[in-house]
Amino acid sequence: MGVMMSVLLVLALSALLIHPVMQRFGRRTFIALAALLAVVFLVFIWLAQPVFSGTVLTESVPWIPQLGMTLTLRLDAVSAIFALLVTGAGSLVLLYCAQYFEDGEAGLPRFAAVFMGFATSMLGLVLADDVYLLFIFWEGTTVFSFLLIGHVTRLRTANAAALQALMVTVLGGLAMLVGFVLLAQLAGTSRLSEIVAEAPRGPVATVAVFLVLAGALSKSAIFPFHFWLPGAMAAPTPVSAYLHAAAMVKAGVYLVARISPGFGDVAGYRETLVILGAITMINGGVRALKQFDIKLIVAHGTVSQLGLLVMVIGVADPRASFAGLALLIAHALAKAPLFLAVGIIDHSTGTRDLRKLCGLGRRMPVLALITTFAAASMAGLPPFFGFVAKESAFTELLAIRDERPIAALAFAVAVVGSMLTVAYMGRFIWGAFADKPDTAACAVIHRPRWSICIAPAAFVLATLLGGILARSVDRIFQATVPAADPEHLALWHGLSAALGASVAVIVVGAILIPIVSRTTVVLRPIPERFSASHAYWVLTHWLDSLAVRVTSLTQRGSLPFYLAVILLVTLGTLGGTLIVVAEWPSRVEWVATPIEVPIALIMIVAAVFSLRARTRFQAVVLVGVTGFGMSAIFATHGAPDLALTQALVETVTLIAFVLVIRRLPQRFGTRHPLRVRWIRAIIGVGVGLVLGAFAVVALGSRIAEPISLELPGLAYAGGHGANTVNVMLVDVRGWDTMGELSVILAAATGVASLVFLRTRADLRPKLSRREARTQAREHLMRIADPDHPASRLSWLLAGRHLNPARRSILLEVVVRLIFHALIILSIYLLLTGHNTPGGGFAGGLVAGLALVARYLAGGRYELGATVPLDAGRILGVGLALAVSMALLPMAFGQSALASAWIDLDLGVFGTVPLVTSTLFDVGVYLVVFGLILDVLRSLGAEIDEHEEAEVASFEEEEVGAR
């Protein structure tokens, strides 16, 4: 495993493990996380040294060889710049978090884990060279940003903003995925570097490129997707500083920079990016001038600067891309400390409204100086790196305007937008720190620690050194465009048109500052109904209304209606297929063996009488007969595993139904009209005939030898097992089994959530076996003869809690005698299932039936005494064991789920094969056992408790009435 993959793995593990560490050590953990990202930053500085000299580092691990897909990471000059930004800015923001948050804040461990998850996804995004891997990391940043924006869950504004950001970026990401798929198919490779190097052409490629741009523009909040970013300012300040200034919103810019060299000449590419970027820059700058919330000034300024970045890089000329990347770093280094400063002001004063802020420059001079320097770099004032980068952009746009006429428009808009930038940065500094005659002095409620200024000061120091040492950092950006010859970065190039434009920007912006620096309305607001945000909310309102209407029509709360719809769709699709393409077999064998005839008759009779049943219990039992009949048919066809599993499943299902219907009326309700019964009969008969015909056609269409004939040999050679069915479940198609285990886990959780009022954990007092036997002995002695000290033992552990009127000593004796035998049988089926009928699923069902017997004999207290463990933990351990056994072979260079075995020679007792996949089967056993335990505790024990509580309440009311 290479260095880059190891770094991603370490960061991912830190995200998984940080939650309990944060709970133990509090906000000090942020310092450790900051140190971790700082180390990663240093690692990438080391890796980037040869990269900035022209070397490209790649690491690749086979992913899906059959499709030619690999987990490929690529570090070139562009990705190295972004990797340094992601890790360096992340380290400083985490250091800031250690002072920003307080110990005991709600959700702080979750915040730390999600933040590290986002940093890992963002780093993986800029390193990924496979478009599908890039998309996975891309959507990872989307999900993590959703969680970070909505961190303060009690705020409706934060939840709404998080959902808005998620909707916009996910839709853009899905469009981008379609574009990636098309480009990969056209290019014959999923490597992004190869796709860009040999860019496909044609109408399909054009559509694909614009789909990719849709994802990039939505991620970077470019018009018409710009509205989600200011709303996301409901997130905590560290989130705004990292995600929306230094990391996430730069992902779209990164992707544009990646694909522009190959697709810049696609028709409409440059025009689209420059025009949309120009609209975004001007719109964001104008909106920033209208804000009274200083955080929103910075937020709309971010939108404006993102428009500038996309516009400059969207010219799709290497020299413009060079300047665009310098602008991107300058923006991140200046904008992040501005957000951090806003957080300090908000914490200190309790407000971000510039109409209420006054005199903070005198009260907090260090913060005022740091923030002023950051704003100066943002406005493009020397000697900061923001000035160097902006002048570079002006220089390159002027140099290429003859070759790329669209660059002239980009230059003009950049100049006007930069004037607005100077104006709203001046308004921000005035609003945050200046003395205002018409505003009372703002009290500092919570004076911040001096150490909280370290992170913003480090950003400002970086932008100051970047400007002064511009010629030293020029080599880094020159490496991104080795074939071009852009103007070198420098603080002074002499007198030039670009310098004149910079002077004009500063002068005009300075003239605008006193005009816009006031506490009254600066510009008349645009009617909200014309905004993109309003269009989004109108669209979502329409979707909600449509969803409500569709739901009211289809989700009526009627189970017969739902079943009728499902069966009619089945009837229409399968029946239509049979009518159109069915090829009926020339010969049909109706009966394989004579024993099937009486079994089929019993099943048919049971099904018919279930329709005539008057009580629910009678109907359940009759339906169960059909299931047991199917088990018998499986057995007659040489499928003992299926027969055993079907019988066990049918038994457990029958018990679950009985547990449910005991809370329902004993008899069915009123009979439906004859018309309704006829409709149901027609649907039932139609589905039965169609499915039967479909089975006949499907079985008769086989003309070649089935591949299942090779499965026994494959099962023994690859899984060292003679039971083909079990080996298939735990080895060949083990991934399917893991998916099914996840479904079982979800089903158990769903059932428990419908029944338990507070928690699914069994909180009743647990009895030790010694205490249970002592209490049971005393209880039986009192019942049998209070005067005679008999010493009989109870047959059940929780005998003291049982109602003598409901006890059956015969049932208790039988259950006590068969319980241990059933447990031993379940373990036998588990361990021998690899070579004989059985396996983890069947063994878990048998063990579950043993629990059912204890519950039926002794109730919920007996169930709790028998298994004092929590069902949820058993389910979790089982799934974790199965997943671990599936992934463990990969640590030894084998494919997932690969089996290893040894044959243990026991001499006269024979040979015992020990196969690693048996451990996977143990996980299956635990999941099934935990499911049945969960069902018994929810549908059994918990409902018993509810019923007893209702009876007790009714008796109390009766006593009170008397």
# chains A, B, ... in the order shown; residues from 1 in each chain; ligands from 1
>>> closest_atom_pairs(of="region 125-204 of chain A", to="region 534-539 of chain A", cutoff="10 Å", atoms="only C-alpha atoms", output="CSV")
residue,atom,partner,partner_atom,distance
A:Gln164,CA,A:Tyr536,CA,8.6
A:Met167,CA,A:Tyr536,CA,10.0
A:Val168,CA,A:Tyr536,CA,9.2
>>> write_last_selection(atoms="C-alpha atoms", output="PDB file, in the first residue's frame")
ATOM      1  CA  GLN A 164     -31.091  22.645   0.692  1.00  0.00           C
ATOM      2  CA  MET A 167     -30.558  18.557  -2.536  1.00  0.00           C
ATOM      3  CA  VAL A 168     -28.700  20.938  -4.840  1.00  0.00           C
TER       4      VAL A 168
END
>>> select_by_dssp(residues="region 464-706 of chain A", states="helix (DSSP H, G or I)", output="JSON, numbers by chain")
{"A": [464, 465, 466, 467, 468, 470, 471, 472, 473, 474, 475, 476, 477, 478, 497, 498, 499, 500, 501, 502, 503, 504, 505, 506, 507, 508, 509, 510, 511, 512, 513, 514, 515, 516, 528, 529, 530, 532, 533, 534, 535, 536, 537, 538, 539, 540, 541, 542, 543, 544, 545, 546, 547, 548, 549, 550, 551, 552, 553, 554, 559, 560, 561, 562, 563, 564, 565, 566, 567, 568, 569, 570, 571, 572, 573, 574, 575, 576, 577, 578, 579, 580, 581, 596, 597, 598, 599, 600, 601, 602, 603, 604, 605, 606, 607, 608, 609, 610, 611, 612, 616, 617, 618, 619, 620, 621, 622, 623, 624, 625, 626, 627, 628, 629, 630, 631, 632, 633, 634, 635, 636, 640, 641, 642, 643, 644, 645, 646, 647, 648, 649, 650, 651, 652, 653, 654, 655, 656, 657, 658, 659, 660, 661, 674, 675, 676, 677, 678, 679, 680, 681, 682, 683, 684, 685, 686, 687, 688, 689, 690, 691, 692, 693, 694, 695, 696, 697, 698, 699, 700]}
>>> residues_around(residues="Ala48 (chain A)", least_positions_apart="2", cutoff="10 Å", atoms="only C-alpha atoms", output="JSON, numbers by chain")
{"A": [42, 43, 44, 45, 46, 50, 51, 52, 53, 54, 55, 56, 57, 75, 76, 77, 79, 80, 81, 83, 84, 476]}
>>> write_last_selection(atoms="N, CA and C atoms", output="PDB file, in the first residue's frame")
ATOM      1  N   LEU A  42       2.676  17.862   6.212  1.00  0.00           N
ATOM      2  CA  LEU A  42       4.129  17.724   6.023  1.00  0.00           C
ATOM      3  C   LEU A  42       4.456  16.561   5.093  1.00  0.00           C
ATOM      4  N   VAL A  43       3.683  15.482   5.195  1.00  0.00           N
ATOM      5  CA  VAL A  43       3.896  14.338   4.291  1.00  0.00           C
ATOM      6  C   VAL A  43       3.702  14.767   2.843  1.00  0.00           C
ATOM      7  N   PHE A  44       2.667  15.565   2.586  1.00  0.00           N
ATOM      8  CA  PHE A  44       2.414  15.991   1.206  1.00  0.00           C
ATOM      9  C   PHE A  44       3.420  17.047   0.746  1.00  0.00           C
ATOM     10  N   ILE A  45       3.976  17.822   1.672  1.00  0.00           N
ATOM     11  CA  ILE A  45       5.082  18.705   1.286  1.00  0.00           C
ATOM     12  C   ILE A  45       6.264  17.870   0.799  1.00  0.00           C
ATOM     13  N   TRP A  46       6.530  16.782   1.530  1.00  0.00           N
ATOM     14  CA  TRP A  46       7.618  15.882   1.131  1.00  0.00           C
ATOM     15  C   TRP A  46       7.325  15.216  -0.215  1.00  0.00           C
ATOM     16  N   PRO A  50       9.242  16.399  -5.600  1.00  0.00           N
ATOM     17  CA  PRO A  50       9.493  15.977  -6.991  1.00  0.00           C
ATOM     18  C   PRO A  50       8.332  16.315  -7.925  1.00  0.00           C
ATOM     19  N   VAL A  51       7.118  16.384  -7.371  1.00  0.00           N
ATOM     20  CA  VAL A  51       5.953  16.688  -8.208  1.00  0.00           C
ATOM     21  C   VAL A  51       6.057  18.078  -8.794  1.00  0.00           C
ATOM     22  N   PHE A  52       6.497  19.060  -7.994  1.00  0.00           N
ATOM     23  CA  PHE A  52       6.635  20.431  -8.494  1.00  0.00           C
ATOM     24  C   PHE A  52       7.813  20.572  -9.453  1.00  0.00           C
ATOM     25  N   SER A  53       8.568  19.491  -9.599  1.00  0.00           N
ATOM     26  CA  SER A  53       9.639  19.477 -10.595  1.00  0.00           C
ATOM     27  C   SER A  53       9.237  18.728 -11.853  1.00  0.00           C
ATOM     28  N   GLY A  54       7.994  18.303 -11.916  1.00  0.00           N
ATOM     29  CA  GLY A  54       7.495  17.659 -13.131  1.00  0.00           C
ATOM     30  C   GLY A  54       7.173  16.197 -13.002  1.00  0.00           C
ATOM     31  N   THR A  55       7.437  15.564 -11.865  1.00  0.00           N
ATOM     32  CA  THR A  55       7.134  14.144 -11.663  1.00  0.00           C
ATOM     33  C   THR A  55       5.658  13.966 -11.299  1.00  0.00           C
ATOM     34  N   VAL A  56       5.097  12.848 -11.714  1.00  0.00           N
ATOM     35  CA  VAL A  56       3.721  12.496 -11.352  1.00  0.00           C
ATOM     36  C   VAL A  56       3.755  11.192 -10.567  1.00  0.00           C
ATOM     37  N   LEU A  57       3.170  11.188  -9.371  1.00  0.00           N
ATOM     38  CA  LEU A  57       3.126   9.994  -8.526  1.00  0.00           C
ATOM     39  C   LEU A  57       1.763   9.332  -8.657  1.00  0.00           C
ATOM     40  N   LEU A  75      -0.938  12.076  -7.900  1.00  0.00           N
ATOM     41  CA  LEU A  75      -0.461  13.336  -7.334  1.00  0.00           C
ATOM     42  C   LEU A  75       0.383  14.046  -8.382  1.00  0.00           C
ATOM     43  N   ASP A  76      -0.201  15.102  -8.964  1.00  0.00           N
ATOM     44  CA  ASP A  76       0.546  15.991  -9.833  1.00  0.00           C
ATOM     45  C   ASP A  76       0.530  17.376  -9.205  1.00  0.00           C
ATOM     46  N   ALA A  77       0.945  18.381  -9.929  1.00  0.00           N
ATOM     47  CA  ALA A  77       1.066  19.717  -9.345  1.00  0.00           C
ATOM     48  C   ALA A  77      -0.286  20.258  -8.897  1.00  0.00           C
ATOM     49  N   SER A  79      -3.178  18.555  -8.101  1.00  0.00           N
ATOM     50  CA  SER A  79      -3.710  17.850  -6.932  1.00  0.00           C
ATOM     51  C   SER A  79      -2.840  18.090  -5.700  1.00  0.00           C
ATOM     52  N   ALA A  80      -1.533  18.308  -5.871  1.00  0.00           N
ATOM     53  CA  ALA A  80      -0.666  18.590  -4.727  1.00  0.00           C
ATOM     54  C   ALA A  80      -1.043  19.914  -4.076  1.00  0.00           C
ATOM     55  N   ILE A  81      -1.340  20.940  -4.898  1.00  0.00           N
ATOM     56  CA  ILE A  81      -1.755  22.238  -4.351  1.00  0.00           C
ATOM     57  C   ILE A  81      -3.029  22.086  -3.541  1.00  0.00           C
ATOM     58  N   ALA A  83      -4.217  19.284  -2.214  1.00  0.00           N
ATOM     59  CA  ALA A  83      -3.971  18.440  -1.039  1.00  0.00           C
ATOM     60  C   ALA A  83      -3.345  19.253   0.095  1.00  0.00           C
ATOM     61  N   LEU A  84      -2.415  20.142  -0.238  1.00  0.00           N
ATOM     62  CA  LEU A  84      -1.816  21.000   0.790  1.00  0.00           C
ATOM     63  C   LEU A  84      -2.849  21.954   1.366  1.00  0.00           C
ATOM     64  N   ILE A 476       5.791  26.688  -7.788  1.00  0.00           N
ATOM     65  CA  ILE A 476       4.715  25.742  -7.504  1.00  0.00           C
ATOM     66  C   ILE A 476       3.599  25.863  -8.527  1.00  0.00           C
TER      67      ILE A 476
END
>>> residues_around(residues="Gln23 (chain A)", least_positions_apart="6", cutoff="9 Å", atoms="only C-alpha atoms", output="JSON, numbers by chain")
{"A": [104, 108, 109]}
>>> write_last_selection(atoms="C-alpha atoms", output="mmCIF file, in the first residue's frame")
data_model
loop_
_atom_site.group_PDB
_atom_site.id
_atom_site.type_symbol
_atom_site.label_atom_id
_atom_site.label_comp_id
_atom_site.auth_asym_id
_atom_site.auth_seq_id
_atom_site.Cartn_x
_atom_site.Cartn_y
_atom_site.Cartn_z
ATOM 1 C CA GLY A 104 -20.016 19.400 27.098
ATOM 2 C CA LEU A 108 -19.270 17.631 19.821
ATOM 3 C CA PRO A 109 -17.908 14.064 19.373
#
>>> closest_residue(among="A:Ile506, A:Val178, A:Leu217, A:Val915", to="Val204 (chain A)", atoms="only C-alpha atoms")
A:Val178
>>> residues_around(residues="Leu338 (chain A)", least_positions_apart="6", cutoff="8 Å", atoms="only C-alpha atoms", output="PyMOL selection string")
chain A and resi 241+298+371+374-375+456
>>> atom_distance(atom1="CA of Val883 (chain A)", atom2="CA of Leu741 (chain A)")
10.0 Å
>>> residues_around(residues="region 832-845 of chain A", least_positions_apart="4", cutoff="8 Å", atoms="only C-alpha atoms", output="ChimeraX atom specification")
/A:640-641,644-645,648-649,652,721-724,726-727,825-828,849,918,921-929,932
>>> decode(residues="region 814-849 of chain A", atoms="N, CA and C atoms", output="mmCIF file, in the first residue's frame")
data_model
loop_
_atom_site.group_PDB
_atom_site.id
_atom_site.type_symbol
_atom_site.label_atom_id
_atom_site.label_comp_id
_atom_site.auth_asym_id
_atom_site.auth_seq_id
_atom_site.Cartn_x
_atom_site.Cartn_y
_atom_site.Cartn_z
ATOM 1 N N VAL A 814 -41.445 -30.521 29.965
ATOM 2 C CA VAL A 814 -41.075 -30.836 28.582
ATOM 3 C C VAL A 814 -40.071 -29.822 28.043
ATOM 4 N N VAL A 815 -40.341 -28.537 28.321
ATOM 5 C CA VAL A 815 -39.448 -27.494 27.816
ATOM 6 C C VAL A 815 -38.067 -27.631 28.427
ATOM 7 N N ARG A 816 -38.028 -27.911 29.743
ATOM 8 C CA ARG A 816 -36.730 -28.048 30.410
ATOM 9 C C ARG A 816 -35.947 -29.231 29.861
ATOM 10 N N LEU A 817 -36.669 -30.294 29.476
ATOM 11 C CA LEU A 817 -35.989 -31.479 28.946
ATOM 12 C C LEU A 817 -35.482 -31.265 27.524
ATOM 13 N N ILE A 818 -36.229 -30.535 26.714
ATOM 14 C CA ILE A 818 -35.844 -30.418 25.299
ATOM 15 C C ILE A 818 -34.981 -29.191 25.018
ATOM 16 N N PHE A 819 -34.931 -28.230 25.964
ATOM 17 C CA PHE A 819 -34.227 -26.977 25.673
ATOM 18 C C PHE A 819 -32.761 -27.228 25.341
ATOM 19 N N HIS A 820 -32.060 -27.931 26.227
ATOM 20 C CA HIS A 820 -30.632 -28.128 26.004
ATOM 21 C C HIS A 820 -30.387 -29.000 24.773
ATOM 22 N N ALA A 821 -31.298 -29.935 24.530
ATOM 23 C CA ALA A 821 -31.152 -30.762 23.328
ATOM 24 C C ALA A 821 -31.275 -29.899 22.077
ATOM 25 N N LEU A 822 -32.227 -28.929 22.090
ATOM 26 C CA LEU A 822 -32.377 -28.052 20.932
ATOM 27 C C LEU A 822 -31.136 -27.169 20.735
ATOM 28 N N ILE A 823 -30.576 -26.686 21.823
ATOM 29 C CA ILE A 823 -29.368 -25.859 21.707
ATOM 30 C C ILE A 823 -28.221 -26.673 21.125
ATOM 31 N N ILE A 824 -28.070 -27.909 21.619
ATOM 32 C CA ILE A 824 -27.013 -28.779 21.082
ATOM 33 C C ILE A 824 -27.274 -29.078 19.615
ATOM 34 N N LEU A 825 -28.550 -29.318 19.269
ATOM 35 C CA LEU A 825 -28.888 -29.575 17.865
ATOM 36 C C LEU A 825 -28.553 -28.361 16.994
ATOM 37 N N SER A 826 -28.835 -27.159 17.511
ATOM 38 C CA SER A 826 -28.537 -25.964 16.722
ATOM 39 C C SER A 826 -27.034 -25.830 16.487
ATOM 40 N N ILE A 827 -26.235 -26.125 17.501
ATOM 41 C CA ILE A 827 -24.786 -26.048 17.335
ATOM 42 C C ILE A 827 -24.297 -27.126 16.373
ATOM 43 N N TYR A 828 -24.923 -28.301 16.459
ATOM 44 C CA TYR A 828 -24.573 -29.382 15.522
ATOM 45 C C TYR A 828 -24.863 -28.963 14.091
ATOM 46 N N LEU A 829 -26.051 -28.377 13.858
ATOM 47 C CA LEU A 829 -26.396 -27.920 12.504
ATOM 48 C C LEU A 829 -25.439 -26.831 12.035
ATOM 49 N N LEU A 830 -25.016 -25.957 12.950
ATOM 50 C CA LEU A 830 -24.070 -24.901 12.601
ATOM 51 C C LEU A 830 -22.731 -25.476 12.174
ATOM 52 N N LEU A 831 -22.188 -26.392 12.953
ATOM 53 C CA LEU A 831 -20.834 -26.875 12.712
ATOM 54 C C LEU A 831 -20.756 -27.895 11.596
ATOM 55 N N THR A 832 -21.832 -28.629 11.356
ATOM 56 C CA THR A 832 -21.793 -29.652 10.306
ATOM 57 C C THR A 832 -22.445 -29.184 9.016
ATOM 58 N N GLY A 833 -22.980 -27.965 9.013
ATOM 59 C CA GLY A 833 -23.701 -27.497 7.829
ATOM 60 C C GLY A 833 -22.844 -27.368 6.598
ATOM 61 N N HIS A 834 -21.522 -27.340 6.747
ATOM 62 C CA HIS A 834 -20.656 -27.208 5.582
ATOM 63 C C HIS A 834 -20.641 -28.482 4.739
ATOM 64 N N ASN A 835 -20.990 -29.616 5.367
ATOM 65 C CA ASN A 835 -20.932 -30.883 4.640
ATOM 66 C C ASN A 835 -22.252 -31.652 4.663
ATOM 67 N N THR A 836 -23.149 -31.316 5.585
ATOM 68 C CA THR A 836 -24.448 -31.988 5.668
ATOM 69 C C THR A 836 -25.530 -30.925 5.787
ATOM 70 N N PRO A 837 -26.803 -31.295 5.634
ATOM 71 C CA PRO A 837 -27.867 -30.295 5.737
ATOM 72 C C PRO A 837 -27.798 -29.523 7.054
ATOM 73 N N GLY A 838 -27.912 -28.220 6.963
ATOM 74 C CA GLY A 838 -27.839 -27.371 8.149
ATOM 75 C C GLY A 838 -27.197 -26.053 7.811
ATOM 76 N N GLY A 839 -26.397 -25.541 8.723
ATOM 77 C CA GLY A 839 -25.743 -24.258 8.515
ATOM 78 C C GLY A 839 -26.152 -23.257 9.578
ATOM 79 N N GLY A 840 -25.570 -22.065 9.488
ATOM 80 C CA GLY A 840 -25.830 -21.037 10.481
ATOM 81 C C GLY A 840 -27.273 -20.595 10.515
ATOM 82 N N PHE A 841 -27.911 -20.489 9.364
ATOM 83 C CA PHE A 841 -29.294 -20.037 9.328
ATOM 84 C C PHE A 841 -30.216 -21.045 10.012
ATOM 85 N N ALA A 842 -30.093 -22.300 9.612
ATOM 86 C CA ALA A 842 -30.930 -23.333 10.223
ATOM 87 C C ALA A 842 -30.609 -23.485 11.713
ATOM 88 N N GLY A 843 -29.312 -23.455 12.069
ATOM 89 C CA GLY A 843 -28.949 -23.573 13.474
ATOM 90 C C GLY A 843 -29.491 -22.429 14.305
ATOM 91 N N GLY A 844 -29.436 -21.210 13.774
ATOM 92 C CA GLY A 844 -29.990 -20.061 14.485
ATOM 93 C C GLY A 844 -31.489 -20.181 14.683
ATOM 94 N N LEU A 845 -32.184 -20.703 13.683
ATOM 95 C CA LEU A 845 -33.634 -20.896 13.809
ATOM 96 C C LEU A 845 -33.953 -21.918 14.898
ATOM 97 N N VAL A 846 -33.188 -23.012 14.956
ATOM 98 C CA VAL A 846 -33.432 -24.027 15.984
ATOM 99 C C VAL A 846 -33.168 -23.451 17.367
ATOM 100 N N ALA A 847 -32.067 -22.707 17.535
ATOM 101 C CA ALA A 847 -31.794 -22.067 18.821
ATOM 102 C C ALA A 847 -32.883 -21.071 19.185
ATOM 103 N N GLY A 848 -33.391 -20.360 18.168
ATOM 104 C CA GLY A 848 -34.490 -19.439 18.414
ATOM 105 C C GLY A 848 -35.747 -20.159 18.858
ATOM 106 N N LEU A 849 -36.015 -21.312 18.279
ATOM 107 C CA LEU A 849 -37.183 -22.084 18.694
ATOM 108 C C LEU A 849 -37.036 -22.568 20.141
#
